[in-house]
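Student: Quick one: the structure is below, questions incoming.
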Amino acid sequence: MSAALEIRAVTKVYGSGATQVHALRGVDLTVETGELVAVMGPSGSGKSTLLTIAGTLEEPSGGEVLVAGTNVAAMRANDRARVRRQSIGYVFQDFNLLAGLTAAENVSLPLELDGSPARIARRAGLAALEQLGMLARADHYPDQLSGGESQRVAIARAIVGSRTLLLADEPTGALDSVNGEGVMRLLREACTRGLAGVLVTHDAQLAAWADRVVFLRDGSVVDQTMRPAGPESLLVPQPGQ
Amino acid sequence: MTTSTLPRPVDGRTGNGGRPARRAIVRWAWRLVRRDWRQQLLILVLLVLAIAGAAAGASAAYNLPQPANAELGAANHGVVLRAQGEARAGQLASNLATVRAAFDSAEVITQRTAAIPGSTEFLVLRGQDPAAPLGRPLLGLRSGRYPAAPGETAVTDRVASVFGIGVGGDLLLDGATLHVVGTVENPKDLSDEFALLPPSDDDAESAQVLVRASDEVFDRFAQQPHTDMGFLRPHRGAEDNSAIGVLVLSTLVLLLVALVAAASFTVIAQRRMRQIGLLAAIGATEKHLRLVMVATGLVVGLVSSLAGVVLGIALWAVGSPMLESPAGHRIDPMNLPWLILGALCLLGVVTSTAAAWMPARAAARVPITAALMSRPPQPRKTHRSVVLAGAFLAAGFGSLYVGDQERAGWMVAGIIATGLGVLFASPLAIRALKHLASHTPVASRLALRDLARYEARSGSALAAISLSLGMAVAVIVVSTAAEHRADTGNLSDRQLLIRTASDCPCLVAQRTPAQIAQLQSVVDSMTRDLDAATVVPLDVAIDPDVAESAQGQVVLPVVSAGKRMNDHLVRDVGQLYVGTPQLLSYLHVDRAAADPQADVLTSQPGVLEYANVGTKTSTPVVGSGDRPTQQAVKGPPPMTTTHIDTSHYTSTPRSVITEAALARHGWAPMRLGWLVESRHPITIEHIAVARTAAVAAGLIVEARSDGRSLATVKSVATSAGIVLALLVLALTVGLIRSEGAADLRTLSATGASSRVRRGLTAATAGAMGLLGVVMGTTIAYLAMLAAYRSDLSRLDRVPLLYLSLISVGVPVPAYAAGWLFATREPRSLRSRTAD
C-alpha cells in the first residue's frame, strides 16, 4: 500500500500577537490507499483544521502536506484547485450541494471544471449516482432530495473521477441513524475499493467504521488505535474467521 | 449498492478546465439568476429605467431637431431661383429652363406672395405637384383633397384659421377667389404656412427645384455662372450629433448606475458566498469563482439592456406625437437611431458586467473556509486620501472654470473629474460623520459608527446618492439660470415697442413726414390709456444711397451694428438708433459729459462693425437666429465708440449713433418705431387693444415675452434625483445593516427593544440621505459657480422650492422607510444554508 496522504509536522496558527491561536502543533498523519482513518477529539482540538489543510482548503503555517506524493503546501492556488478537482473528494456535514444544479450536474461538476465535455462528464456522473442507488433522482434538484439522498449525491460527487483521497467532515451530522449508517457503509466501501479516507467525527460509533482512529487534543495527536472490531466486522466475514 | 472511484473520462485538460468549465459555470450562474431573480429585481429595474430613459432620450434627440435636409424632400440637391424687377417672369422662366435642361429628375415648386386683406402680412401661394416623388415628403394632406384645377386651393390650418375658412370655403386674394378643397401641411416644417395651388410657373416670384443627381453632376452645374440662383446641398449627421450627445450623457448616468449596481452585486455575492466556497472546495479556480458573478452581471446586463431599449422605444412611440408641435415637424416614431440604441445596449451590458467585477473579485478572494461558513469578509479601510479627493474636485472645478459654459471639452472633463472627486470624497465625509456619533443616542451612535466601519461600501453608496442629487441640483440651477429674469428678456413688463411693419427689422420703409405724423397720432391714441406712459420715438440711420424695392414700396436697409465672431461671421448686436435728445434723455445719457468725439454710444463690449453703409460686399451679418439678414456690408467706417450703461432688454436701444456722426457720414434718420414705457405693468388687455389698433395702421407691437418656463424640467430633475437616491438607499442600507447583523443579534440578546433596532436602520438611512443631500447640493453649487464664473448674476435666483423638496424628500422618507421596514430581517440573516 502507498500513502495517499502524508501530513508531516503540520502546524497552523491563527491570528498574531496576543490573539494568536495554535490550531495544530506539529501533527503527523499518513493515510494509505484503501485505508479509512477517523479523527476524533473534543471541540477546538483541531480536527476540522486538519481536514481543511489535508483538503488544500487552507494552507498550513508550517510542515508539509503530500497528496499522492506531491507536496501541495508549496503549490500555487490554481494548482491546488487542480489537485482538489482531480484527487480529493470532500463530503460535508450539511451536504453543500449547489442549489441551481440537478443531482447529476452536481456530481459531474468537478469533471466539467476539469475540462471534460458536459456529455462525457454527465455520463460519468450518472455512473457514480447509479453506484450509490441514486440514478432515479439524477434530474432532481437538491431541494427535492431528502437529507440521506443529498448526502449520497455529495458522496457521488466526492468519488467521481480518479479521486485518491476522500475527506469527510461529520458526514452523518445532519442525518438520522439509519441514513447515517448507510452513508458510513458507502464511505467504507469506497475506501475498500481503493480510496484513502479521512473521517472527522465526534461519534465513537461512527469511528468504529474506520481502520484506525487518531485522537487530537489541543492541536496535537495524543493517541491512535488500530482498527477496532466495529459494526462492519459483524456483517462482513473477516479472513480466517 | 457499492462505491468505487470511476476512471477519469478525459485526459489532457487545461489548467483552468477550458471551455467546458466556463460553460458549466455560466450555466450555473444563469440558473441562479433565474432562481433568485427577485434578489436582482431592484438592480434590474434601475438598469432598465436608466437604459429606457437613455433610449427614449436618444430617440428624441435624434428626431426633435428640424431634419437637416427638410427643404430637400426626397431630393439630394436643390436650386433656389429668385426673380426681381420688371423682367422677373422672363428671368425665372429662363432659369427654370436651364435647370430642367441640366437635370433629368428636376421637380419645380413655385412660390408667390399675396397680401392678406386688412393685414400687413402676406400669404405664400405655392404651386406644387403633390404626386411628384421628390417633393412628396414636403406635403401632407390633412383633410379633403389636393387642388387639381385652376381656382382650387388647399390651405394649412393656420391659414384656414386666419381667414376663418374651411374645406368648401372660398379664399379671396388679390381680387381672385380660390375654392378651398382641402387642408395641407408641410410635415417637415409645421410652421410653414401656405396655400397650395396646382403646379404652375405663371406669376411665380421664386422657385425651388428639387434634384436627384450625383454630387459631381450638381457641383459641375453649380460652378457654372448663373444669375439669381442659390444651391442647396445635403447636410449630414446633424441628428446623429444630438443623439451622440445623449449617448455621452447616458454614459455618465450609467456610470452612476454602475456604482449602485456594484453595491447590489456585492449583496448577491455575499448571499452566494457559501456556494462560491463550495465551488472552490471542489476545485474551482479563482477565475471560475469570478466568472460566477461576472456571468450574473452579464445576464442581468443583457436582460435589462434589451428590456430597457424596448421600453425606451415604447415610451418614445407613445410620447412622440405629443412632441410634434414643439418640434415643429411630424415625427415618424420608428425613425430610430439604431446604431446609438445598439451602443446603449452594449453600454448597459458593459456597465452591469463591470459593476459585477469588483464584487466577483472580492468574493473569489475570500478564504474557502470562511466562505463555506458564509462569514462576511472583514471590513476594510479605503485608501482614498484627502489629497486625491481634493485634487479631483479642484481639477473638476478648474476645468469648469476654464470651460466657462462654452468649451465643451473642458466642461465634459470638469463634470467627469467632479464626479470622481465626489467618489473619493465620500468615504472622508463618512469618517467625518463618525465624529458626531459620540453625542447621539445609542441607535444613532451605532448606525454612524457602522457606516464608518464599512466605509468602503457606505462610501460608494454615498457617492451614488450625492451624484444623483448633485446632477438633479445642477439641472435645476441651470434651468433657473436659463429662465428669463425680471430684468432680462426682450422688454420689461412696462414696455411696448411699436414698429413700422416690415418683412425684416433690418429694413425700414421710406415715409413722408406726413405719413410719420399720422402714425404718431395712432401711437398716441394707443398709449393714451396707459398710465402716464413715456413715448420715445426711435429713429434709425439709413444710407440714402442704398435703397431697395419690395412689394412695390421703397425700403431702406437700416445701418446696423455687429460684432465680428470670425473671418466670415459678424453677429448682429441690435439696431443702431439715432441718438436724438429725447432718446438720450430716456437712456439717461448726458451728452455734454460724454466723449464729444464719440460717434457711437453703446453698452456692447468690444469692437463694432457696421452693415448697410454703402458699397455691397460679401461679408454676411448674422441675425439672432443665425440666418443671414444682410449682404450689404463694408469694413468698419471710421467711427469712435464710447461706453454707456443701458438696460439688458434686448429690444430696447443699446447702441446709438450721434446726430453729428449721422451728418458726418451723410446718413439720414428714418422713423422705425416708438418705445412706450408705462409706470405700471402693461396688462394683456392693453396689449391686445394696442395690437388691434396697430394692425389697422400697419404697425407691429412687441411686448414682453415671458420666455421658456422650465418648471417641468426642474420638476422632473427633482423627482428623478429623489427617486434615484432613495433607490440607492434601499439597495445599500439593507446591505450595510446585514453586515452588522451579528451586532444586531447581540443587541437583541442584551435586551434592546425593537425601537432601538428600528432606530438603527432609520438612522443609517436618514444619515446617508442627509449627507448625500449636503454633499450633492454643495458640490453642484460649487461646480455651477465655476461654470458660470463670467456671469455669476445668473445664479442670483436660488431655486429654494426645489432645493427644499430635495432636502426634505430624501432624508425624511429614508428615515421613515428605515423605521418601518427595520423589523424585516434580511434574507441573508434568516438563511445561512447553501441552498
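So you can find residues: chains in the C-alpha cells are A, B, ... in the order shown, residues in each start at 1, and ligands are numbered from 1 in order.
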Could you write out as a ChimeraX atom specification the residues of chain A within 7 Å of chain B, counting only C-alpha atoms?
Tutor: /A:57,78,81-82,84-85,96,98-101,110,112-118,120,131-133,159-163,186,189-190,193
Student: Would you save the residues from that selection as a PDB file, in the first residue's frame, using C-alpha atoms?
Tutor:
```
ATOM      1  CA  LEU A  57      -8.710  24.449   1.536  1.00  0.00           C
ATOM      2  CA  ASN A  78      -4.599  27.231  -9.238  1.00  0.00           C
ATOM      3  CA  ALA A  81      -7.521  23.792  -7.171  1.00  0.00           C
ATOM      4  CA  ARG A  82      -6.477  21.237  -9.806  1.00  0.00           C
ATOM      5  CA  ARG A  84      -8.904  19.252  -5.461  1.00  0.00           C
ATOM      6  CA  ARG A  85     -10.611  18.605  -8.801  1.00  0.00           C
ATOM      7  CA  ASN A  96     -23.252  21.527   0.312  1.00  0.00           C
ATOM      8  CA  LEU A  98     -25.246  23.616  -5.432  1.00  0.00           C
ATOM      9  CA  ALA A  99     -28.856  24.687  -5.483  1.00  0.00           C
ATOM     10  CA  GLY A 100     -29.073  25.595  -9.144  1.00  0.00           C
ATOM     11  CA  LEU A 101     -27.807  22.245 -10.396  1.00  0.00           C
ATOM     12  CA  PRO A 110     -15.789  18.605 -10.781  1.00  0.00           C
ATOM     13  CA  GLU A 112     -16.597  19.749 -16.093  1.00  0.00           C
ATOM     14  CA  LEU A 113     -14.469  22.182 -14.100  1.00  0.00           C
ATOM     15  CA  ASP A 114     -11.533  20.000 -15.029  1.00  0.00           C
ATOM     16  CA  GLY A 115     -12.322  20.320 -18.740  1.00  0.00           C
ATOM     17  CA  SER A 116     -14.399  17.237 -19.523  1.00  0.00           C
ATOM     18  CA  PRO A 117     -17.112  17.919 -22.098  1.00  0.00           C
ATOM     19  CA  ALA A 118     -20.537  18.152 -20.488  1.00  0.00           C
ATOM     20  CA  ILE A 120     -18.969  12.825 -21.042  1.00  0.00           C
ATOM     21  CA  GLN A 131     -23.340   3.087  -7.864  1.00  0.00           C
ATOM     22  CA  LEU A 132     -25.000   4.854  -4.950  1.00  0.00           C
ATOM     23  CA  GLY A 133     -28.516   3.895  -5.986  1.00  0.00           C
ATOM     24  CA  ILE A 159     -15.770   9.817  -5.693  1.00  0.00           C
ATOM     25  CA  VAL A 160     -16.420  10.707  -9.321  1.00  0.00           C
ATOM     26  CA  GLY A 161     -13.256  10.721 -11.458  1.00  0.00           C
ATOM     27  CA  SER A 162      -9.893   9.353 -10.407  1.00  0.00           C
ATOM     28  CA  ARG A 163     -10.017  10.553  -6.837  1.00  0.00           C
ATOM     29  CA  LEU A 186     -20.797   3.844   1.406  1.00  0.00           C
ATOM     30  CA  GLU A 189     -16.928   0.638   0.604  1.00  0.00           C
ATOM     31  CA  ALA A 190     -15.307   3.500  -1.301  1.00  0.00           C
ATOM     32  CA  ARG A 193     -12.265  -0.238  -3.379  1.00  0.00           C
TER      33      ARG A 193
END
```
Student: For Ala395 in chain B, work out the shell of residues within 9 Å, counting only C-alpha atoms and skipping chain neighbours fewer than 6 positions away, then give it as number ranges by chain.
Tutor: B: 413-414, 417-418, 421
Student: Just how far from CA of Asp539 in chain B is CA of Ala663 in chain B, in Å to one decimal?
Tutor: 14.0 Å
Student: Could you pull out the strand (DSSP E) residues of range 10-226 of chain A from DSSP and send them as number ranges by chain?
Tutor: A: 10-14, 21-32, 36-40, 62-67, 70-71, 88-91, 165-169, 196-200, 212-217, 220-225
Student: Just the residues within 9 Å of Leu123 in chain B, please, counting only C-alpha atoms, with nothing from its chain fewer than 4 positions along; format it as an MDAnalysis selection string.
Tutor: chainID B and resid 112:116 159 173 193:195
Student: Keeping only N, CA and C atoms, write those residues as a PDB file, in the first residue's frame.
Tutor:
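Written output follows (out-v3.pdb):
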```pdb
ATOM      1  N   ARG B 112     -45.323  82.440 -54.893  1.00  0.00           N
ATOM      2  CA  ARG B 112     -45.551  83.875 -54.985  1.00  0.00           C
ATOM      3  C   ARG B 112     -46.303  84.296 -53.736  1.00  0.00           C
ATOM      4  N   THR B 113     -46.323  85.596 -53.463  1.00  0.00           N
ATOM      5  CA  THR B 113     -46.995  86.061 -52.251  1.00  0.00           C
ATOM      6  C   THR B 113     -48.176  86.941 -52.623  1.00  0.00           C
ATOM      7  N   ALA B 114     -49.119  86.962 -51.721  1.00  0.00           N
ATOM      8  CA  ALA B 114     -50.279  87.843 -51.904  1.00  0.00           C
ATOM      9  C   ALA B 114     -50.596  88.476 -50.557  1.00  0.00           C
ATOM     10  N   ALA B 115     -50.921  89.757 -50.570  1.00  0.00           N
ATOM     11  CA  ALA B 115     -51.222  90.459 -49.315  1.00  0.00           C
ATOM     12  C   ALA B 115     -52.513  89.913 -48.721  1.00  0.00           C
ATOM     13  N   ILE B 116     -52.477  89.726 -47.391  1.00  0.00           N
ATOM     14  CA  ILE B 116     -53.694  89.289 -46.700  1.00  0.00           C
ATOM     15  C   ILE B 116     -54.559  90.523 -46.491  1.00  0.00           C
ATOM     16  N   VAL B 159     -53.574  79.111 -41.880  1.00  0.00           N
ATOM     17  CA  VAL B 159     -54.143  79.977 -42.924  1.00  0.00           C
ATOM     18  C   VAL B 159     -55.666  79.888 -42.865  1.00  0.00           C
ATOM     19  N   LEU B 173     -58.183  86.501 -52.556  1.00  0.00           N
ATOM     20  CA  LEU B 173     -56.811  87.025 -52.522  1.00  0.00           C
ATOM     21  C   LEU B 173     -56.543  87.829 -53.777  1.00  0.00           C
ATOM     22  N   GLU B 193     -46.476  78.031 -43.417  1.00  0.00           N
ATOM     23  CA  GLU B 193     -47.892  78.334 -43.695  1.00  0.00           C
ATOM     24  C   GLU B 193     -48.014  78.767 -45.146  1.00  0.00           C
ATOM     25  N   PHE B 194     -48.954  78.160 -45.875  1.00  0.00           N
ATOM     26  CA  PHE B 194     -49.084  78.462 -47.303  1.00  0.00           C
ATOM     27  C   PHE B 194     -50.442  78.004 -47.809  1.00  0.00           C
ATOM     28  N   ALA B 195     -50.725  78.447 -49.011  1.00  0.00           N
ATOM     29  CA  ALA B 195     -51.903  77.943 -49.718  1.00  0.00           C
ATOM     30  C   ALA B 195     -51.383  77.204 -50.944  1.00  0.00           C
TER      31      ALA B 195
END
```
Student: Can you tell me which residues surround range 127-130 of chain A at a distance of at most 6 Å, considering only C-alpha atoms, apart from same-chain residues fewer than 4 positions away, and format the answer as a short mmCIF file (atom, residue, chain, number, x, y, z; two decimals) with C-alpha atoms, in the first residue's frame?
Tutor:
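Ended up saving to part.cif:
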```
data_model
loop_
_atom_site.label_atom_id
_atom_site.label_comp_id
_atom_site.auth_asym_id
_atom_site.auth_seq_id
_atom_site.Cartn_x
_atom_site.Cartn_y
_atom_site.Cartn_z
CA MET A 134 -29.45 7.47 -6.88
CA LEU A 135 -29.90 7.16 -10.63
CA ALA A 156 -21.05 10.50 -5.52
#
```
Student: With range 176-185 of chain A as the partner and 12 Å as the cut-off, tabulate the residues of range 16-107 of chain A that qualify, each row holding the nearest pair of atoms and their distance in Å to one decimal, using only C-alpha atoms, sorted by chain and rising number, as JSON lines.
Tutor:
```
{"residue": "A:Leu36", "atom": "CA", "partner": "A:Met184", "partner_atom": "CA", "distance": 10.7}
{"residue": "A:Ala38", "atom": "CA", "partner": "A:Met184", "partner_atom": "CA", "distance": 11.5}
{"residue": "A:Val91", "atom": "CA", "partner": "A:Val183", "partner_atom": "CA", "distance": 10.5}
{"residue": "A:Phe92", "atom": "CA", "partner": "A:Val183", "partner_atom": "CA", "distance": 11.9}
{"residue": "A:Gln93", "atom": "CA", "partner": "A:Gly180", "partner_atom": "CA", "distance": 10.8}
{"residue": "A:Phe95", "atom": "CA", "partner": "A:Val183", "partner_atom": "CA", "distance": 11.7}
```
Student: Which of range 313-506 of chain B counts as alpha helix (DSSP H) under DSSP, as number ranges by chain please?
Tutor: B: 313-327, 338-364, 368-372, 386-403, 408-434, 442-453, 455-482
Student: Can you work out the spacing between CA of Ser458 in chain B and CA of Cys345 in chain B in Å, to one decimal?
Tutor: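 Here the two named atoms are 29.0 Å from each other.
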Student: May I ask for the distance between CA of Val798 in chain B and CA of Ser479 in chain B, given in Å to one decimal place?
Tutor: 11.0 Å
Student: Which neighbours of range 24-34 of chain A fall inside 9 Å, counting only C-alpha atoms, when residues of the same chain fewer than 6 positions from it are skipped, and could you give them as JSON, numbers by chain?
Tutor: {"A": [1, 2, 3, 4, 5, 6, 7, 8, 9, 10, 11, 12, 13, 45, 46, 47, 49, 50, 60, 62, 63, 164, 165, 190, 191, 192, 193, 194, 195, 196, 197, 198, 214, 218, 219, 220, 221]}
Student: Just checking: using only C-alpha atoms, which residue out of B:Gly562, B:Thr732, B:Asp215, B:Ala720 ends up closest to Phe265 in chain B?
Tutor: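 Residue with the minimum atom-to-atom distance to Phe265 in chain B: B:Thr732.
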Student: Near Val200 in chain A, counting only C-alpha atoms, which residues have an atom at most 9 Å away, once you skip same-chain residues fewer than 5 positions from it, shown as an MDAnalysis selection string?
Tutor: chainID A and resid 37:41 47:48 51 167:171 207
